[in-house]
Amino acid sequence: MSQVLYSLAAAVVLSMPVAAQPPAGPVGGHIDDPPAGKAGPTPRLSDGHPDLGNGKGVWNPRIVANIAGGGPGGSRRSPVEKIIEVPFQPWAKQVYEQRLATLSKDDPEGLCLPPGIPRMMATPFPFQVYQVLGRVIFLFEGGAHMWRVIYTDGRSHPKDPNPTYLGDSIGHWEGDTLVVDVIGFNDRTWLDQDGHPHTEALHVVERYTRTDEMTLHYEATIDDPKAYTKPWTTSYTIPWVPNEEPLEYICQENNVDGHHLVGK
């Protein structure tokens, strides 16, 4: 199957009514997970830090339609580690429920706009991670074929960051965990497929831990006082697929698909 067809198939799955969607399993974008087996220990670089990939394969995210583990279909669609009672501000709850009721017809990812953070880690297309001096670089197959730079050279966030889809990211290591602090978001993304909203006040703290050769544990804390009454945290795992590469992906902003991405 060509990559165009794979991409179309993934877009259709993301926009299907809940009753029509397949169970959320370990399959990500254009590749399946390798057969289950005993995973080796966490590989390491010469500096002692965990090796987060560096071109030896890809991380292949599952579909996590709802990062709180709720919504229609519950955990069947969203394999998070803990169901979260989201502490909505009243307006944010209303927006979220409206997006669910209309089957996400206004989903910005359906218009080929960048998914944002943390949704980028819950969209079923492979990504690679490269660790270089002073920064960690993410290369994504999907999500408009994006890249992301996390600075690990000790710098601080700019005082007045220009709002962007992926925000401004700075990272540091806490033991074997890469901790990433992200601010400076625009408000044009959804936190997940089901439509949890956010504002430009969004502050996300991510934690990446390669727990063994085949597993990346991902945790994200959402802190947006304009949309939620207190911070809340989601977590799940992302499987590794060795010796695979991202494929070319084409998605054009404001893509129109009158047969699939229509909602109610």
# chains A, B, ... in the order shown; residues from 1 in each chain; ligands from 1
$ residues_around --residues "Glu200 of chain A" --least-positions-apart "3" --cutoff "9 Å" --atoms "only C-alpha atoms" --output "ChimeraX atom specification"
/A:163,183-188,203,224,226
$ closest_atom_pairs --of "segment 83-165 of chain A" --to "segment 176-180 of chain A" --cutoff "10 Å" --atoms "only C-alpha atoms" --output "tab-separated table"
residue	atom	partner	partner_atom	distance
A:Val136	CA	A:Leu178	CA	9.6
A:Ile150	CA	A:Val180	CA	7.4
A:Tyr151	CA	A:Val180	CA	8.9
A:Thr152	CA	A:Val180	CA	9.0
$ select_by_dssp --residues "segment 87-128 of chain A" --states "alpha helix (DSSP H)" --output "PDB file with N, CA and C atoms, in the first residue's frame"
ATOM      1  N   PRO A  90     -15.558  26.013  33.639  1.00  0.00           N
ATOM      2  CA  PRO A  90     -16.866  25.793  32.995  1.00  0.00           C
ATOM      3  C   PRO A  90     -16.857  25.994  31.485  1.00  0.00           C
ATOM      4  N   TRP A  91     -16.224  27.041  31.001  1.00  0.00           N
ATOM      5  CA  TRP A  91     -16.233  27.285  29.551  1.00  0.00           C
ATOM      6  C   TRP A  91     -15.500  26.175  28.804  1.00  0.00           C
ATOM      7  N   ALA A  92     -14.400  25.669  29.391  1.00  0.00           N
ATOM      8  CA  ALA A  92     -13.612  24.626  28.734  1.00  0.00           C
ATOM      9  C   ALA A  92     -14.401  23.325  28.641  1.00  0.00           C
ATOM     10  N   LYS A  93     -15.166  23.008  29.685  1.00  0.00           N
ATOM     11  CA  LYS A  93     -16.001  21.808  29.642  1.00  0.00           C
ATOM     12  C   LYS A  93     -17.057  21.931  28.550  1.00  0.00           C
ATOM     13  N   GLN A  94     -17.629  23.104  28.406  1.00  0.00           N
ATOM     14  CA  GLN A  94     -18.640  23.321  27.376  1.00  0.00           C
ATOM     15  C   GLN A  94     -18.041  23.140  25.983  1.00  0.00           C
ATOM     16  N   VAL A  95     -16.852  23.674  25.764  1.00  0.00           N
ATOM     17  CA  VAL A  95     -16.186  23.535  24.474  1.00  0.00           C
ATOM     18  C   VAL A  95     -15.867  22.071  24.186  1.00  0.00           C
ATOM     19  N   TYR A  96     -15.345  21.384  25.192  1.00  0.00           N
ATOM     20  CA  TYR A  96     -15.007  19.966  25.038  1.00  0.00           C
ATOM     21  C   TYR A  96     -16.244  19.150  24.669  1.00  0.00           C
ATOM     22  N   GLU A  97     -17.338  19.355  25.367  1.00  0.00           N
ATOM     23  CA  GLU A  97     -18.554  18.599  25.093  1.00  0.00           C
ATOM     24  C   GLU A  97     -19.125  18.932  23.713  1.00  0.00           C
ATOM     25  N   GLN A  98     -18.992  20.180  23.291  1.00  0.00           N
ATOM     26  CA  GLN A  98     -19.465  20.554  21.961  1.00  0.00           C
ATOM     27  C   GLN A  98     -18.648  19.852  20.881  1.00  0.00           C
ATOM     28  N   ARG A  99     -17.333  19.740  21.094  1.00  0.00           N
ATOM     29  CA  ARG A  99     -16.479  19.066  20.114  1.00  0.00           C
ATOM     30  C   ARG A  99     -16.809  17.581  20.036  1.00  0.00           C
ATOM     31  N   LEU A 100     -17.100  16.958  21.167  1.00  0.00           N
ATOM     32  CA  LEU A 100     -17.510  15.560  21.152  1.00  0.00           C
ATOM     33  C   LEU A 100     -18.834  15.393  20.408  1.00  0.00           C
ATOM     34  N   ALA A 101     -19.766  16.303  20.659  1.00  0.00           N
ATOM     35  CA  ALA A 101     -21.102  16.188  20.074  1.00  0.00           C
ATOM     36  C   ALA A 101     -21.076  16.321  18.559  1.00  0.00           C
TER      37      ALA A 101
END
$ residues_around --residues "Ser78 of chain A" --least-positions-apart "5" --cutoff "7 Å" --atoms "only C-alpha atoms" --output "list of chain:residue names"
A:Ala24, A:Ile63, A:Val64, A:Ala65, A:Asn66, A:Ile67, A:Gly69
$ write_last_selection --atoms "C-alpha atoms" --output "compact mmCIF listing (two decimals), in the first residue's frame"
# COMPACT_ATOMS: atom_id res chain seq x y z
CA ALA A 24 -7.04 1.00 20.34
CA ILE A 63 -3.90 6.17 19.07
CA VAL A 64 -4.73 7.95 22.32
CA ALA A 65 -7.99 9.66 21.36
CA ASN A 66 -8.57 11.03 24.85
CA ILE A 67 -5.54 11.71 27.05
CA GLY A 69 -8.83 8.08 29.28
$ closest_residue --among "A:Arg207, A:His198, A:Arg148, A:Arg119" --to "Tyr228 of chain A" --atoms "only C-alpha atoms"
A:His198
$ atom_distance --atom1 "atom CA of Val58 of chain A" --atom2 "atom CA of Ser156 of chain A"
29.4 Å
$ closest_residue --among "A:Leu52, A:Met146, A:Val241, A:Leu166" --to "Gln131 of chain A" --atoms "only C-alpha atoms"
A:Leu52
$ residues_around --residues "Gly154 of chain A" --least-positions-apart "4" --cutoff "10 Å" --atoms "only C-alpha atoms" --output "PyMOL selection string"
chain A and resi 134-135+170-172
$ write_last_selection --atoms "N, CA and C atoms" --output "PDB file, in the first residue's frame"
ATOM      1  N   GLY A 134      23.711  19.784  23.255  1.00  0.00           N
ATOM      2  CA  GLY A 134      22.900  20.936  23.616  1.00  0.00           C
ATOM      3  C   GLY A 134      21.455  20.896  23.202  1.00  0.00           C
ATOM      4  N   ARG A 135      21.020  19.799  22.588  1.00  0.00           N
ATOM      5  CA  ARG A 135      19.619  19.743  22.181  1.00  0.00           C
ATOM      6  C   ARG A 135      19.197  18.302  21.867  1.00  0.00           C
ATOM      7  N   ILE A 170      12.470  23.542  26.685  1.00  0.00           N
ATOM      8  CA  ILE A 170      13.795  23.385  27.273  1.00  0.00           C
ATOM      9  C   ILE A 170      13.776  22.119  28.126  1.00  0.00           C
ATOM     10  N   GLY A 171      14.893  21.389  28.132  1.00  0.00           N
ATOM     11  CA  GLY A 171      14.911  20.094  28.811  1.00  0.00           C
ATOM     12  C   GLY A 171      16.130  19.917  29.684  1.00  0.00           C
ATOM     13  N   HIS A 172      16.027  18.962  30.591  1.00  0.00           N
ATOM     14  CA  HIS A 172      17.158  18.550  31.418  1.00  0.00           C
ATOM     15  C   HIS A 172      16.921  17.110  31.841  1.00  0.00           C
TER      16      HIS A 172
END
$ closest_residue --among "A:Asp107, A:Ile31, A:Thr102, A:Asp168" --to "Trp59 of chain A" --atoms "only C-alpha atoms"
A:Ile31
$ closest_residue --among "A:Leu216, A:Leu45, A:Ala39, A:Ala227" --to "Gln128 of chain A" --atoms "only C-alpha atoms"
A:Leu216
